[in-house]
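Beneath this line is the structure, given in structure tokens, with notes to follow.
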There are 2 protein chains.
Amino acid sequence: MDMLWNGWGDPVKAAPLPDSVTALLRDLLGVKPRGTEPLALTDVPVSGPTAAPAALAALADAVGGAEHVRTDAESRIRHTRGKSTPDLLRIRSGDTTDVPQAVVLPGSHDEVLAVLRACSAHALAVVPFGGGTSVVGGLAPERRDFVALDLRRMDGLLDLDPVSRTAVLQPGLRAPQAEALLAGRGFTLGHFPQSFEWATVGGFAAARSSGQASAGYGRFDEMVLGLTLATPEGTVETGRAPRSAAGPDVRQLILGSEGAFGVITSVTVRVRPLPERRVYEGWRFASFDEGAAALRRLAQDGPRPTVLRLSDETETLIGLAQPDAIGAGLANSDAGCLAITGYEGTAEDTAQRREQAAAVLRECGGTLVGAEPGERWAHGRYSAPYLRDALLDVGAFAETLETAAFWSRVPELYTAVRTALTDTLTEAGTPPLVMCHVSHVYENGASLYFTVVSAQGEDPVTHWTPAKHAANEAILAVGGTISHHHGVGTDHRDWYVREAGPLAVDALRAVKRRLDPEGLLNPGVLLPTD
Amino acid sequence: MDMLWNGWGDPVKAAPLPDSVTALLRDLLGVKPRGTEPLALTDVPVSGPTAAPAALAALADAVGGAEHVRTDAESRIRHTRGKSTPDLLRIRSGDTTDVPQAVVLPGSHDEVLAVLRACSAHALAVVPFGGGTSVVGGLAPERRDFVALDLRRMDGLLDLDPVSRTAVLQPGLRAPQAEALLAGRGFTLGHFPQSFEWATVGGFAAARSSGQASAGYGRFDEMVLGLTLATPEGTVETGRAPRSAAGPDVRQLILGSEGAFGVITSVTVRVRPLPERRVYEGWRFASFDEGAAALRRLAQDGPRPTVLRLSDETETLIGLAQPDAIGAGLANSDAGCLAITGYEGTAEDTAQRREQAAAVLRECGGTLVGAEPGERWAHGRYSAPYLRDALLDVGAFAETLETAAFWSRVPELYTAVRTALTDTLTEAGTPPLVMCHVSHVYENGASLYFTVVSAQGEDPVTHWTPAKHAANEAILAVGGTISHHHGVGTDHRDWYVREAGPLAVDALRAVKRRLDPEGLLNPGVLLPTD
């Protein structure tokens, strides 16, 4: 099944907003209905491809036949950009400037190498394409003459070692497929980002994804034990031990490389036994600061829940912490801040951690709300992107962004980003709702995930840009990182370069030049082109 | 205080072997007393320096005065090579081929940059020098015209953030100094490698050190949150958040770079509250396999002790697991395999983990021996290198090497390395004692640490080389890593290059060329020179 071309996810799951929410948006934010009818897929203008027939023939040779090279308009539109709000707005407006020349579907590591050779021979750039869920412009290179390298045919579980608890996964496996294959052997990866239903293993690795259960299972980059990378100059294979002192960790050079160094063709991951039990519940804190202090205490001194999140007052009030209940919280102005705690594991382990964590949370001022908010969160955990589509449909603007910092900087980071977003959009005549939650916790810091909802403004993409830039500036000024788990892409690149500094960026460009001397791979994504 | 120039550690702690052990070595291994008197420091031949006076003057300018540039023979001898057994044997024989031209002591990051500029101007190579404890040839570059950059003046705690639980340490801090400074603020780093008493923070980072309490506190590379690197091309600064999706993790590119990319001038680390309690105890397992299975169970399913180690039958028998008791175990041929478990933390936490871990260890066939072996291990944990000196003094050869692999490969790795060492040294006429312990555990694998004792043979360095090479070959053949925590240096470099593969090595060389275009930094260490 293909994802909705102009929105998120399974088309049958798309649902319009309840009238009550539409009314709320109108009254609170001045959201006005869109004046134009939505564009149909068949009405999206696509020209070309302009790639030479010889190039397309070479690509077909590389992947074992013309059936694995798609040049039809629909395939190309479906591989145009990712799923950020600007991406959706652009494709909905019929803007196909970033359309690939062709969609190429390799079936193996060797076929990926062959595609890279063919692209080199015919001067085509290559954009690796997993689930197509990038929200940072990771699929919009700076060149027009590129092919999308869709890895969906490489969707196998190649090996499972139950003694070492490792699995070798192909990159095109979507997370639910991977979980199903592992569950058949009694294991789980434990990686549940909001993009879970569509994103792929290769994409998780390439973009340093982090899932909603990261407190318990770790980030995706912490799960990766080995990688195979196909580059125009050959193959890199890493990972002979969980940890090593044999030089710099090349795994950590490939993780986060966003397709700019090569195409990840297999990922060796840590797996864990399927949990016997999953328990989620809600806690109320009087303030965001009080809740954050409680989360910090659990992250630093334990016991560590598997899931640990905290919504600020606004997000709690709006009910976004429980996407099924939008607006319900508005009735209760004393809602405080809702935290979700989750425990996954054996019956004994979850019971023990839950009891001990509850004692800590109470000591920190928390009140147990009960299982209902936890279960509701778990039920709705992948539904926010559907909600965004519905918001866009009624003329609202909705986007998310995220960052992370050391704990002592988190309060300042929260205020700075919130203020930057609020001030910029208010000055532009569309005062926003800015909501935030602590989405991932570590001993030494945490990430903040912001959701912005406002009226769209005249041209919604250009209307949003100054607010996004102001948020980026605020993040850098306070000392946060430009992305905790969305990645760099093209949207964050200029701020990433400032964060990393010119010499570190140049060192990474030196790596790119060695692995991709012709600059075929994701030109302009992550790293500036020469 | 300076370390013993021709051996390990504090000269007053050196102790001769008891006669009983000397007799044992003679009877078991045919160790014969050395025929020559030990060389005095003042009799070690050193010529030069040959560096131009203008070069030395420029170095003095760089570091604020001639008193921070040492060219006397003693200083240069004390900065010649590291502390591997071949290093000790070479310096004891008066071999000073690897002596630096001068020892330069910068006092700040900017002075390090100035030293690098001076070295560039005068075509001198630079070997960063922390505690001088490398056991892999990390201080023996391929060029003769080099200076040792001793970081001992940079020994401050620059910042401590008790909220984020982070500390900024200068690289020349020895571990005990760092622990004392942190303890004054109520914190610990928790990094206790065997080299603890002498090794430095910068060295830990540069070589990806791992301490004896890694099960609880993690490896050093897992403690590092940020780094400052001085290179001939400028400064790299990393680490704005505990984790980030902003590109490849540059921290992990600097960690393990062994001075070849630059000089680490500050390290931001995770710190933890000083433990209230430390408890160590011994467990007996019938076999190494049974014990390893028990360790694996704790590493995978918890609870995780802070210290977790397991000696094989030979090491247990010899008593090397408790260095104060060499030979004592020989009386008991049914000693089995001794494991050491340790718990550090709050009273409540250590009691709970200890009780739950004990239940698991019993289920896995373990028998609690009691606190005595644990306390004895803790007491003697840094004494093995002194023992090695005493062994060398009486004509024995003693060396260690280590590796790691995924759990399912560990039994094969154990057998292969053991066999390679035993066969090679036996064929050479010096049948060895080969002992081993599991020194570090992870969910997905473990490290093996081997100790070899034999007679020295005619020329002990050349006698050892084929055995070391055979062990390296065995490690690569079975799929282990060439080093779990000692590093690459020059000794492991050729095997490291095979392990990493030519393209990954070339990518790292591209990084080096960007940061160190003249190849001044540790030439030939880690990476082959052009």
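Residue numbering restarts at 1 for every chain of the structure tokens, chains are lettered A, B, ... in their displayed order, and ligands are numbered from 1 as they appear.
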Would you mind listing what lies within 12 Å of Thr419 of chain B as a PyMOL selection string, with only C-alpha atoms counted and same-chain residues fewer than 3 positions away left out? chain B and resi 412-416+422-427+431-435+450+452+467-468+470-475
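Secondary structure by DSSP on the backbone puts the following residues of segment 98-212 of chain B in alpha helix (DSSP H): His109, Asp110, Glu111, Val112, Leu113, Ala114, Val115, Leu116, Arg117, Ala118, Cys119, Ser120, Ala121, Ala175, Pro176, Gln177, Ala178, Glu179, Ala180, Leu181, Leu182, Ala183, Val201, Gly202, Gly203, Phe204, Ala205, Ala206 and Ala207 of chain B.
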Using only C-alpha atoms, find each residue of chain A with at least one atom at most 6 Å away from an atom of chain B; report its shortest atom-to-atom pair and that distance in Å (one decimal), sort the rows by chain and rising residue number, and return the result as a Markdown table.
```
| residue | atom | partner | partner_atom | distance |
| --- | --- | --- | --- | --- |
| A:Val163 | CA | B:Ser408 | CA | 5.7 |
| A:Ser164 | CA | B:Asn444 | CA | 4.7 |
| A:Arg165 | CA | B:Asn444 | CA | 6.0 |
| A:Arg208 | CA | B:Ala245 | CA | 5.2 |
| A:Val236 | CA | B:Ala504 | CA | 6.0 |
| A:Arg240 | CA | B:Gly480 | CA | 5.7 |
| A:Ala241 | CA | B:Ala405 | CA | 4.2 |
| A:Pro242 | CA | B:Gly445 | CA | 5.9 |
| A:Ser244 | CA | B:His484 | CA | 4.3 |
| A:Ala245 | CA | B:His485 | CA | 4.7 |
| A:Ala246 | CA | B:Ser483 | CA | 5.5 |
| A:Gly247 | CA | B:Gly256 | CA | 4.5 |
| A:Pro248 | CA | B:Gly256 | CA | 4.6 |
| A:Asp249 | CA | B:Gln252 | CA | 5.6 |
| A:Gln252 | CA | B:Asp249 | CA | 5.6 |
| A:Leu253 | CA | B:Pro248 | CA | 4.7 |
| A:Leu255 | CA | B:Pro248 | CA | 5.7 |
| A:Gly256 | CA | B:Gly247 | CA | 4.5 |
| A:Ser257 | CA | B:Pro248 | CA | 5.6 |
| A:Ala404 | CA | B:Ala241 | CA | 5.8 |
| A:Ala405 | CA | B:Ala241 | CA | 4.3 |
| A:Phe406 | CA | B:Ala241 | CA | 5.3 |
| A:Trp407 | CA | B:Ser164 | CA | 4.7 |
| A:Ser408 | CA | B:Ser164 | CA | 5.5 |
| A:Asn444 | CA | B:Ser164 | CA | 4.8 |
| A:Gly445 | CA | B:Pro242 | CA | 5.9 |
| A:Gly480 | CA | B:Arg240 | CA | 5.7 |
| A:Thr481 | CA | B:Arg240 | CA | 5.8 |
| A:Ser483 | CA | B:Ala245 | CA | 5.3 |
| A:His484 | CA | B:Ser244 | CA | 4.3 |
| A:His485 | CA | B:Ala245 | CA | 4.8 |
| A:Gly487 | CA | B:Ala245 | CA | 4.8 |
| A:Val488 | CA | B:Ala246 | CA | 5.7 |
| A:Ala504 | CA | B:Val236 | CA | 6.0 |
| A:Ala507 | CA | B:Val511 | CA | 5.0 |
| A:Ala510 | CA | B:Ala510 | CA | 5.5 |
| A:Val511 | CA | B:Ala507 | CA | 5.0 |
| A:Arg514 | CA | B:Ala507 | CA | 5.9 |
```
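If you look at atom CA of Gly262 of chain B and atom CA of Arg143 of chain B, they are 16.9 Å away from each other.
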Residue set, segment 29-118 of chain A restricted to strand (DSSP E or B), as a PyMOL selection string: chain A and resi 69-70+102-104
Write the selection just made, keeping all heavy atoms, as a compact mmCIF listing (two decimals), in the first residue's frame?
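Output (part35.txt):
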```txt
# COMPACT_ATOMS: atom_id res chain seq x y z
N VAL A 69 12.17 0.16 -12.79
CA VAL A 69 12.46 1.58 -13.01
C VAL A 69 11.15 2.25 -13.43
O VAL A 69 10.61 1.95 -14.48
CB VAL A 69 13.53 1.77 -14.12
CG1 VAL A 69 13.80 3.27 -14.34
CG2 VAL A 69 14.82 1.05 -13.74
N ARG A 70 10.65 3.12 -12.59
CA ARG A 70 9.34 3.71 -12.84
C ARG A 70 9.49 5.18 -13.24
O ARG A 70 10.17 5.94 -12.54
CB ARG A 70 8.46 3.61 -11.60
CG ARG A 70 8.27 2.17 -11.17
CD ARG A 70 7.32 2.07 -10.01
NE ARG A 70 7.22 0.68 -9.57
CZ ARG A 70 6.70 0.32 -8.39
NH1 ARG A 70 6.21 1.24 -7.57
NH2 ARG A 70 6.63 -0.95 -8.06
N ALA A 102 13.18 9.50 -12.14
CA ALA A 102 12.71 8.13 -12.16
C ALA A 102 12.78 7.58 -10.75
O ALA A 102 13.48 8.13 -9.89
CB ALA A 102 13.56 7.27 -13.09
N VAL A 103 12.03 6.52 -10.53
CA VAL A 103 12.09 5.80 -9.26
C VAL A 103 12.70 4.44 -9.54
O VAL A 103 12.18 3.69 -10.38
CB VAL A 103 10.69 5.66 -8.64
CG1 VAL A 103 10.77 4.92 -7.32
CG2 VAL A 103 10.03 7.02 -8.48
N VAL A 104 13.81 4.15 -8.90
CA VAL A 104 14.56 2.92 -9.18
C VAL A 104 14.47 2.03 -7.95
O VAL A 104 14.67 2.49 -6.83
CB VAL A 104 16.03 3.26 -9.48
CG1 VAL A 104 16.80 2.02 -9.87
CG2 VAL A 104 16.11 4.31 -10.58
```
If you count only C-alpha atoms, which residues fall within 6 Å of segment 382-387 of chain B, apart from same-chain ones fewer than 6 positions away, as a PDB file with all heavy atoms, in the first residue's frame?
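Dumped to around-v1.pdb:
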```
ATOM      1  N   TRP B   8      56.264   0.039  35.558  1.00  0.00           N
ATOM      2  CA  TRP B   8      54.960   0.635  35.821  1.00  0.00           C
ATOM      3  C   TRP B   8      54.940   1.354  37.168  1.00  0.00           C
ATOM      4  O   TRP B   8      55.452   0.844  38.167  1.00  0.00           O
ATOM      5  CB  TRP B   8      53.883  -0.452  35.851  1.00  0.00           C
ATOM      6  CG  TRP B   8      52.522   0.142  36.105  1.00  0.00           C
ATOM      7  CD1 TRP B   8      51.865   0.202  37.298  1.00  0.00           C
ATOM      8  CD2 TRP B   8      51.672   0.782  35.155  1.00  0.00           C
ATOM      9  NE1 TRP B   8      50.655   0.838  37.140  1.00  0.00           N
ATOM     10  CE2 TRP B   8      50.510   1.208  35.837  1.00  0.00           C
ATOM     11  CE3 TRP B   8      51.782   1.056  33.781  1.00  0.00           C
ATOM     12  CZ2 TRP B   8      49.458   1.867  35.192  1.00  0.00           C
ATOM     13  CZ3 TRP B   8      50.743   1.717  33.141  1.00  0.00           C
ATOM     14  CH2 TRP B   8      49.598   2.108  33.845  1.00  0.00           C
ATOM     15  N   ALA B  14      56.896  -0.896  43.778  1.00  0.00           N
ATOM     16  CA  ALA B  14      57.476  -2.067  43.122  1.00  0.00           C
ATOM     17  C   ALA B  14      57.868  -3.089  44.185  1.00  0.00           C
ATOM     18  O   ALA B  14      58.413  -2.747  45.223  1.00  0.00           O
ATOM     19  CB  ALA B  14      58.700  -1.641  42.315  1.00  0.00           C
ATOM     20  N   GLN B 194      42.545  -0.474  34.590  1.00  0.00           N
ATOM     21  CA  GLN B 194      43.730  -0.923  35.334  1.00  0.00           C
ATOM     22  C   GLN B 194      44.797   0.174  35.376  1.00  0.00           C
ATOM     23  O   GLN B 194      45.584   0.249  36.310  1.00  0.00           O
ATOM     24  CB  GLN B 194      44.296  -2.176  34.667  1.00  0.00           C
ATOM     25  CG  GLN B 194      45.228  -2.934  35.570  1.00  0.00           C
ATOM     26  CD  GLN B 194      45.610  -4.262  34.958  1.00  0.00           C
ATOM     27  OE1 GLN B 194      46.285  -4.311  33.938  1.00  0.00           O
ATOM     28  NE2 GLN B 194      45.174  -5.341  35.573  1.00  0.00           N
TER      29      GLN B 194
END
```
